[in-house]
There are 2 protein chains.
Amino acid sequence: MANILILGAGVMGSALTVPAADNGHQVTLAATPLDGEILAALEADPAGHPRLGAPLPASVRFVDAQSLTAADGARADLVVVGVASPGIEWAADTVARLQPRATVGLVTKGLVDAPGAVPLTYAAAFPQMLAERGVRPSAFVGIGGPCIARELAERRPTAVVYASNDDGAPAAMKTLLQTAYYRVSLSGDPVGVEACAALKNFFTIGVSAMLGRHTRGGEPVKNPVAAAFQQAVDEMALLVPWLGGQRDTAFGLAGVGDLHVTVGGGRNSRLGRHIGEGMTLAAALAGPMAGETVEGVDVGRILRPHLKEAFANGDLPRDALVLADALIDAIAVGAGLDYDAAA
Amino acid sequence: MANILILGAGVMGSALTVPAADNGHQVTLAATPLDGEILAALEADPAGHPRLGAPLPASVRFVDAQSLTAADGARADLVVVGVASPGIEWAADTVARLQPRATVGLVTKGLVDAPGAVPLTYAAAFPQMLAERGVRPSAFVGIGGPCIARELAERRPTAVVYASNDDGAPAAMKTLLQTAYYRVSLSGDPVGVEACAALKNFFTIGVSAMLGRHTRGGEPVKNPVAAAFQQAVDEMALLVPWLGGQRDTAFGLAGVGDLHVTVGGGRNSRLGRHIGEGMTLAAALAGPMAGETVEGVDVGRILRPHLKEAFANGDLPRDALVLADALIDAIAVGAGLDYDAAA
């Protein structure tokens with residue numbers, strides 16, 4: 001039995017407690033300062049998570065992360081950071097305070113702006129954020145692949161990928177967390193996996209726009225979304241190496257697989273459908289999606305100046321990145337999407 | 001204006017008349033002996049195709065292929081074979097009779113058994129069938145990619161790929177057929193494109209089984225189908241080189257793109273859903289799908305002895321081809337599918 005500490009009681013951090021607890025480990029789910037309502041609900045009832053839609057195992061311990069000490073950090077055999085991207089600085093501060101000696105896994109998805117260089121994936125940025133705070137975990141493992149949190153918590157068959165530069169860490173983490181329904185593949189390309197994790201949210205907006213734009217009797221037709229799905233895969237395969245990862249990672253679970261599930265539902269997909277139906281991005285974000293975090297939009301904002309520069313200096317072929325180019329422009333000015341699947 | 005001859009008045013051959021006629025060409029749609037009812041309906045009304053669900057352009061000429069002569073063959077600037085796989089011998093006989101000097105394009109999808117060797121794709125088999133009949137067209141072009149015929153005929157945005165060993169032929173054919181809504185990419189890997197065209201029907205059965213097996217309130221959940229979609233892509237990337245094509249072709253329009261659209265609907269997908277719901281393959285084919293041609297089943301029958309031999313002699317890694325292995329066994333004995341997305 002291992003001691004597993006998960007930081008962040010949002011849907012994904014919470015869902016990961018299910019395979020961890022099913023494997024008999026002592027699991028602690030630590031709520032961030034923004035998770036107060038969730039913590040109260042879970043303390044009252046492990047089935048009470050207000051957004052997950054599935055019960056958590058009775059053996060999971062729910063705590064306020066502020067109450068954790070370095071002793072908790074020292075005791076952990078694995079720490080998983082499960083916050084949303086706006087919480088990444090809080091997560092770095094908290095890990096630094098806990099000083100864990102064990103592997104740190106990360107499910108947070110996003111890019112970090114790096115003036116004068118290409119954007120950093122969390123595979124590069126998060127270990128650096130920890131190093132700046134004086135802490136070096138034994139290894140960093142990025143988590144990617146098609147995993148809707150509620151479905152994992154329902155123990156639906158789910159395939160994910162753990163990626164690390166450290167040879168042994170992902171395999172050890174797999175041993176701790178893999179179950180019959182939660183299957184873990186391994187990768188040696190954490191930068192590529194983290195790049196895909198960020199990019200698929202961004203591209204989902206454009207692929208899902210085809211679901212709103214091309215319909216028959218209210219149902220999406222299929223050729224346009226398949227064409228745009230392929231375009232997104234082709235463009236990920238260009239952008240992943242540009243961000244420092246391996247091209248083939250775009251064709252695996254973190255790329256193709258996660259894009260598949262993300263187009264199937266969620267906030268990025270809903271935003272895409274709205275703009276496919278003719279709404280501007282600004283109108284969708286101010287109207288039907290008001291108050292929601294759409295991570296693909298943040299990724300597009302960070303990408304834009306870097307992509308424009310790479311197009312200008314020939315580092316990236318603009319003609320082969322038409323979907324990305326249309327998306328960053330739509331995001332920048334809040335416009336509609338000037339892209340169609342066969343344009 | 002060019003003279004374009006399309007053999008086979010099924011849904012795909014018929015749909016291709018739309019971009020061809022929209023580009024101002026003289027288009028002849030030639031019905032096979034099995035297309036008698038379609039020919040009569042189209043002669044009465046170009047909107048009368050009994051299975052397409054969309055009208056054909058008024059300029060298209062409808063004929064019985066038996067009435068065509070070598071003069072028609074000599075006049076054609078492009079011949080496209082659009083029959084279903086059971087009609088491939090008829091198509092070879094007809095092309096041989098017409099003796100065209102122009103490029104021959106092929107949308108037919110399937111594999112040809114080759115005792116003692118790996119199965120042949122049509123990119124290898126069809127030119128060979130023509131050569132055996134004493135005819136050598138100027139070039140052969142395989143057509144792949146995500147294209148539901150009805151949607152093409154409705155002029156929905158559609159992206160396809162033309163593949164040939166001949167440098168100029170696919171580009172010339174693209175010039176004849178590409179429109180604003182029908183976008184053509186080029187490939188130098190006809191064997192890979194034809195391998196994908198056959199394999200995606202086969203794998204669709206297994207991916208779509210997850211749509212029937214894992215549901216909530218009658219709607220499919222998403223993690224299992226995404227995991228199986230990725231598994232199918234990974235396995236296509238192993239089988240395409242084994243069949244003589246290039247691995248990367250599996251990650252493009254003929255592979256990922258066409259798999260996406262095929263899982264979205266059609267006979268292979270419906271068969272998959274039935275077996276996902278717990279029906280045996282034999283029961284599905286004898287019951288709800290009686291009388292329908294399911295091309296992925298034929299592909300599986302041809303693949304089986306060759307795959308088993310390749311597993312036995314180490315040419316292919318059975319552990320990495322679990323979906324293909326489960327599918328060929330289910331098809332061979334008409335059983336249910338012994339595969340789950342995270343098994």
# chains A, B, ... in the order shown; residues from 1 in each chain; ligands from 1
call {"tool": "select_by_dssp", "arguments": {"residues": "stretch 88-248 of chain B", "states": "strand (DSSP E or B)", "output": "count of residues only"}}
result
29
call {"tool": "residues_around", "arguments": {"residues": "stretch 289-299 of chain B", "least_positions_apart": "2", "cutoff": "9 Å", "atoms": "only C-alpha atoms", "output": "ChimeraX atom specification"}}
result
/B:84-85,109-112,198-205,267-268,270-271,283-287,301-304,327-328,331
call {"tool": "closest_atom_pairs", "arguments": {"of": "chain A", "to": "chain B", "cutoff": "10 Å", "atoms": "only C-alpha atoms", "output": "Markdown table"}}
result
| residue | atom | partner | partner_atom | distance |
| --- | --- | --- | --- | --- |
| A:Gly145 | CA | B:Ala227 | CA | 8.5 |
| A:Pro146 | CA | B:Asn223 | CA | 5.9 |
| A:Cys147 | CA | B:Asn223 | CA | 5.7 |
| A:Ile148 | CA | B:Asn223 | CA | 6.4 |
| A:Ala149 | CA | B:Asn223 | CA | 9.3 |
| A:Arg150 | CA | B:Asn223 | CA | 9.8 |
| A:Glu151 | CA | B:Asn223 | CA | 6.8 |
| A:Leu152 | CA | B:Asn223 | CA | 8.0 |
| A:Arg156 | CA | B:Pro224 | CA | 6.9 |
| A:Pro157 | CA | B:Ala342 | CA | 4.9 |
| A:Thr158 | CA | B:Asn223 | CA | 5.3 |
| A:Ala159 | CA | B:Ala227 | CA | 5.5 |
| A:Val160 | CA | B:Ala227 | CA | 8.3 |
| A:Thr179 | CA | B:Ala342 | CA | 9.3 |
| A:Ala180 | CA | B:Ala343 | CA | 6.5 |
| A:Tyr181 | CA | B:Ala342 | CA | 5.7 |
| A:Tyr182 | CA | B:Ala342 | CA | 6.6 |
| A:Arg183 | CA | B:Ala342 | CA | 5.6 |
| A:Val184 | CA | B:Ala342 | CA | 9.0 |
| A:Met210 | CA | B:Pro157 | CA | 9.5 |
| A:His214 | CA | B:Arg156 | CA | 7.5 |
| A:Thr215 | CA | B:Arg156 | CA | 9.4 |
| A:Arg216 | CA | B:Glu151 | CA | 9.8 |
| A:Val221 | CA | B:Glu151 | CA | 7.3 |
| A:Lys222 | CA | B:Val261 | CA | 5.9 |
| A:Asn223 | CA | B:Thr158 | CA | 5.3 |
| A:Pro224 | CA | B:Pro157 | CA | 5.2 |
| A:Val225 | CA | B:Val261 | CA | 8.2 |
| A:Ala226 | CA | B:Gly257 | CA | 5.5 |
| A:Ala227 | CA | B:Ala159 | CA | 5.5 |
| A:Ala228 | CA | B:Gly257 | CA | 8.8 |
| A:Phe229 | CA | B:Gly257 | CA | 7.0 |
| A:Gln230 | CA | B:Gly257 | CA | 5.3 |
| A:Gln231 | CA | B:Leu253 | CA | 8.7 |
| A:Val233 | CA | B:Phe251 | CA | 8.2 |
| A:Asp234 | CA | B:Gly252 | CA | 7.5 |
| A:Ala237 | CA | B:Phe251 | CA | 9.9 |
| A:Asp248 | CA | B:Asp248 | CA | 9.4 |
| A:Ala250 | CA | B:Phe251 | CA | 9.5 |
| A:Phe251 | CA | B:Phe251 | CA | 6.6 |
| A:Gly252 | CA | B:Gln230 | CA | 6.7 |
| A:Leu253 | CA | B:Gln230 | CA | 6.3 |
| A:Ala254 | CA | B:Gln230 | CA | 9.7 |
| A:Gly255 | CA | B:Gln230 | CA | 9.4 |
| A:Val256 | CA | B:Gln230 | CA | 6.8 |
| A:Gly257 | CA | B:Gln230 | CA | 5.3 |
| A:Asp258 | CA | B:Ala226 | CA | 7.3 |
| A:Leu259 | CA | B:Ala226 | CA | 8.7 |
| A:His260 | CA | B:Ala226 | CA | 5.8 |
| A:Val261 | CA | B:Ala226 | CA | 5.7 |
| A:Thr262 | CA | B:Lys222 | CA | 8.9 |
| A:Val263 | CA | B:Lys222 | CA | 10.0 |
| A:Gly264 | CA | B:Lys222 | CA | 7.0 |
| A:Gly265 | CA | B:Lys222 | CA | 8.5 |
| A:Asp340 | CA | B:Pro157 | CA | 7.6 |
| A:Ala341 | CA | B:Pro157 | CA | 5.8 |
| A:Ala342 | CA | B:Pro157 | CA | 4.9 |
| A:Ala343 | CA | B:Ala180 | CA | 6.5 |
call {"tool": "closest_atom_pairs", "arguments": {"of": "stretch 241-260 of chain B", "to": "stretch 121-125 of chain B", "cutoff": "10 Å", "atoms": "only C-alpha atoms", "output": "Markdown table"}}
result
| residue | atom | partner | partner_atom | distance |
| --- | --- | --- | --- | --- |
| B:Leu243 | CA | B:Thr121 | CA | 7.5 |
| B:Gly244 | CA | B:Thr121 | CA | 8.7 |
| B:Gly245 | CA | B:Thr121 | CA | 9.4 |
call {"tool": "select_by_dssp", "arguments": {"residues": "stretch 68-272 of chain A", "states": "alpha helix (DSSP H)", "output": "PyMOL selection string"}}
result
chain A and resi 70-75+88-98+122-132+149-153+169-177+190-213+223-242+258-263+267-272
